[in-house]
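Right, one structure below, let's go through it.
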Amino acid sequence: MRNSRALAVAGVAAAVLGAAAPAAVADSGRVPNPSNIVALPSVIARGGQLTITVDGCPNGGTATSNAFPRTNLTPIHGANSTSKGTATVDEDARAGSYDITVHCSGRSLTRPAAFTVIGGVRGGIGGSSTSGATPTDVAIGGALVAAAVAGSGVFWMRRRAEKRI
């Protein structure tokens, strides 16, 4: 019984491999297609370096975007049909999502919203604040400080009265 199961499993495996072999041989003559564009980090500040990895690009190529200049992609040794490049995001790139278009082996592929550029913080003026405190803000803050001082005075006076008794 065991031998027949093992023989059946081996037969099924051979049939699957036999059916896949002609497809693999026929596929090897095709021009490779770029696929699976990966940009890391996916969120980056202006001026930062972005690593782009593309599958199906065995001879290298180029990557372009509105956020960085044309960047060369070079094949990764030991990785089957994968290329990699490093791009520097422009200092004047606007905050938002950007596409990456890859050109290799005479073919192109675009990955929409591949990465996001974030803007810097306006340091020295309270982070993201641009207008400052309004008179209403000052009045509310003053009222809260006055209430805290009055409450502290009442508490201190009560504690002082307890000690005399």
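By convention here, the chains of the structure tokens are called A, B, ... in the order presented, each chain's residues are numbered starting at 1, and ligands are numbered starting at 1 in the order presented.
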
Considering only C-alpha atoms, return as a ChimeraX atom specification whatever protein or nucleic-acid residues lie within 9 Å of Leu109 of chain A, sequence-local ones (same chain, fewer than 4 positions apart) excluded. /A:33-35,37,100-104

Can you measure atom CA of Met157 of chain A to atom CA of Val138 of chain A for me? One decimal in Å is fine. 28.6 Å

For atom CA of Thr116 of chain A and atom CA of Gly96 of chain A, quote the distance in Å rounded to one decimal.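 Value for the atom CA of Thr116 of chain A-atom CA of Gly96 of chain A distance: 5.4 Å.
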
Pick out the closest residue to Asp92 of chain A from this set: A:Asn59, A:Arg46, A:Val117, A:Ala133. Count only C-alpha atoms. A:Arg46

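Closest approach to Ser83 of chain A among A:Cys57, A:Val149, A:Leu144, A:Val43 is made by A:Cys57 (distances from only C-alpha atoms).
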
Find, counting only C-alpha atoms, the residue in A:Gly85, A:Pro69, A:Pro41, A:Gly48 that gets nearest to Phe115 of chain A.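 That would be A:Pro41, the residue with the smallest distance to Phe115 of chain A.
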
Counting only C-alpha atoms, what is within 10 Å of segment 86-90 of chain A, bar same-chain residues fewer than 6 positions away, as a list in words?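 My reading of the contact set: Ala39, Leu40, Ile44, Ala45, Arg46, Gly47, Gly48, Gln49, Leu50, Thr51, Ile52, Thr53, Ala63, Thr64, Ser65, Asn66, Ala67, Phe68, Pro69, Arg70, Thr71, Asn72, Leu73, Thr74 and Val117 of chain A.
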
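Residue nearest Pro58 of chain A, chosen from A:Ala79, A:Ala150, A:Val145, A:Val38 and counting only C-alpha atoms: A:Ala79.
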
Segment 50-160 of chain A: residues DSSP assigns to helix (DSSP H, G or I), reported as a list of chain:residue names: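 Secondary structure check on segment 50-160 of chain A, helix (DSSP H, G or I): A:Pro135, A:Thr136, A:Asp137, A:Val138, A:Ala139, A:Ile140, A:Gly141, A:Gly142, A:Ala143, A:Leu144, A:Val145, A:Ala146, A:Ala147, A:Ala148, A:Val149, A:Ala150, A:Gly151, A:Ser152, A:Gly153, A:Val154, A:Phe155, A:Trp156, A:Met157, A:Arg158, A:Arg159, A:Arg160.
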
Residue subset to file, keeping N, CA and C atoms, as a PDB file, in the first residue's frame:
ATOM      1  N   PRO A 135      -6.359  86.955  19.757  1.00  0.00           N
ATOM      2  CA  PRO A 135      -6.782  87.520  21.046  1.00  0.00           C
ATOM      3  C   PRO A 135      -7.662  86.564  21.855  1.00  0.00           C
ATOM      4  N   THR A 136      -8.467  85.761  21.183  1.00  0.00           N
ATOM      5  CA  THR A 136      -9.306  84.785  21.884  1.00  0.00           C
ATOM      6  C   THR A 136      -8.442  83.740  22.582  1.00  0.00           C
ATOM      7  N   ASP A 137      -7.400  83.272  21.884  1.00  0.00           N
ATOM      8  CA  ASP A 137      -6.490  82.288  22.485  1.00  0.00           C
ATOM      9  C   ASP A 137      -5.822  82.864  23.732  1.00  0.00           C
ATOM     10  N   VAL A 138      -5.402  84.115  23.662  1.00  0.00           N
ATOM     11  CA  VAL A 138      -4.740  84.760  24.794  1.00  0.00           C
ATOM     12  C   VAL A 138      -5.712  84.901  25.965  1.00  0.00           C
ATOM     13  N   ALA A 139      -6.967  85.280  25.684  1.00  0.00           N
ATOM     14  CA  ALA A 139      -7.963  85.437  26.746  1.00  0.00           C
ATOM     15  C   ALA A 139      -8.248  84.103  27.436  1.00  0.00           C
ATOM     16  N   ILE A 140      -8.397  83.053  26.662  1.00  0.00           N
ATOM     17  CA  ILE A 140      -8.666  81.728  27.242  1.00  0.00           C
ATOM     18  C   ILE A 140      -7.477  81.279  28.088  1.00  0.00           C
ATOM     19  N   GLY A 141      -6.267  81.447  27.566  1.00  0.00           N
ATOM     20  CA  GLY A 141      -5.077  81.059  28.323  1.00  0.00           C
ATOM     21  C   GLY A 141      -4.941  81.847  29.610  1.00  0.00           C
ATOM     22  N   GLY A 142      -5.204  83.168  29.536  1.00  0.00           N
ATOM     23  CA  GLY A 142      -5.142  84.006  30.737  1.00  0.00           C
ATOM     24  C   GLY A 142      -6.162  83.585  31.771  1.00  0.00           C
ATOM     25  N   ALA A 143      -7.388  83.253  31.326  1.00  0.00           N
ATOM     26  CA  ALA A 143      -8.435  82.818  32.253  1.00  0.00           C
ATOM     27  C   ALA A 143      -8.042  81.504  32.930  1.00  0.00           C
ATOM     28  N   LEU A 144      -7.439  80.594  32.195  1.00  0.00           N
ATOM     29  CA  LEU A 144      -7.014  79.323  32.788  1.00  0.00           C
ATOM     30  C   LEU A 144      -5.906  79.535  33.830  1.00  0.00           C
ATOM     31  N   VAL A 145      -4.963  80.427  33.532  1.00  0.00           N
ATOM     32  CA  VAL A 145      -3.896  80.703  34.493  1.00  0.00           C
ATOM     33  C   VAL A 145      -4.474  81.355  35.750  1.00  0.00           C
ATOM     34  N   ALA A 146      -5.400  82.310  35.583  1.00  0.00           N
ATOM     35  CA  ALA A 146      -6.019  82.979  36.734  1.00  0.00           C
ATOM     36  C   ALA A 146      -6.789  81.978  37.602  1.00  0.00           C
ATOM     37  N   ALA A 147      -7.513  81.054  36.953  1.00  0.00           N
ATOM     38  CA  ALA A 147      -8.259  80.041  37.699  1.00  0.00           C
ATOM     39  C   ALA A 147      -7.304  79.135  38.483  1.00  0.00           C
ATOM     40  N   ALA A 148      -6.168  78.793  37.886  1.00  0.00           N
ATOM     41  CA  ALA A 148      -5.198  77.952  38.575  1.00  0.00           C
ATOM     42  C   ALA A 148      -4.601  78.670  39.775  1.00  0.00           C
ATOM     43  N   VAL A 149      -4.292  79.963  39.631  1.00  0.00           N
ATOM     44  CA  VAL A 149      -3.727  80.734  40.741  1.00  0.00           C
ATOM     45  C   VAL A 149      -4.752  80.856  41.868  1.00  0.00           C
ATOM     46  N   ALA A 150      -6.008  81.161  41.513  1.00  0.00           N
ATOM     47  CA  ALA A 150      -7.056  81.300  42.531  1.00  0.00           C
ATOM     48  C   ALA A 150      -7.291  79.974  43.250  1.00  0.00           C
ATOM     49  N   GLY A 151      -7.333  78.883  42.511  1.00  0.00           N
ATOM     50  CA  GLY A 151      -7.536  77.562  43.123  1.00  0.00           C
ATOM     51  C   GLY A 151      -6.392  77.200  44.051  1.00  0.00           C
ATOM     52  N   SER A 152      -5.166  77.506  43.648  1.00  0.00           N
ATOM     53  CA  SER A 152      -4.011  77.231  44.501  1.00  0.00           C
ATOM     54  C   SER A 152      -4.052  78.057  45.777  1.00  0.00           C
ATOM     55  N   GLY A 153      -4.489  79.336  45.667  1.00  0.00           N
ATOM     56  CA  GLY A 153      -4.599  80.199  46.846  1.00  0.00           C
ATOM     57  C   GLY A 153      -5.623  79.673  47.836  1.00  0.00           C
ATOM     58  N   VAL A 154      -6.770  79.252  47.331  1.00  0.00           N
ATOM     59  CA  VAL A 154      -7.810  78.709  48.210  1.00  0.00           C
ATOM     60  C   VAL A 154      -7.307  77.445  48.893  1.00  0.00           C
ATOM     61  N   PHE A 155      -6.666  76.573  48.166  1.00  0.00           N
ATOM     62  CA  PHE A 155      -6.142  75.339  48.742  1.00  0.00           C
ATOM     63  C   PHE A 155      -5.102  75.650  49.822  1.00  0.00           C
ATOM     64  N   TRP A 156      -4.203  76.587  49.550  1.00  0.00           N
ATOM     65  CA  TRP A 156      -3.163  76.940  50.508  1.00  0.00           C
ATOM     66  C   TRP A 156      -3.766  77.550  51.770  1.00  0.00           C
ATOM     67  N   MET A 157      -4.789  78.398  51.606  1.00  0.00           N
ATOM     68  CA  MET A 157      -5.444  79.026  52.758  1.00  0.00           C
ATOM     69  C   MET A 157      -6.151  77.969  53.608  1.00  0.00           C
ATOM     70  N   ARG A 158      -6.775  77.003  52.996  1.00  0.00           N
ATOM     71  CA  ARG A 158      -7.468  75.950  53.759  1.00  0.00           C
ATOM     72  C   ARG A 158      -6.461  75.100  54.526  1.00  0.00           C
ATOM     73  N   ARG A 159      -5.338  74.775  53.888  1.00  0.00           N
ATOM     74  CA  ARG A 159      -4.316  73.976  54.561  1.00  0.00           C
ATOM     75  C   ARG A 159      -3.743  74.740  55.754  1.00  0.00           C
ATOM     76  N   ARG A 160      -3.593  76.036  55.615  1.00  0.00           N
ATOM     77  CA  ARG A 160      -3.055  76.866  56.671  1.00  0.00           C
ATOM     78  C   ARG A 160      -4.026  76.912  57.855  1.00  0.00           C
TER      79      ARG A 160
END

Pick from A:Asn80, A:Ser42, A:Thr134, A:Thr62, whichever lies nearest to Ser105 of chain A using only C-alpha atoms: A:Thr62

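You will find atom CA of Asn36 of chain A at 13.3 Å from atom CA of Asp99 of chain A.
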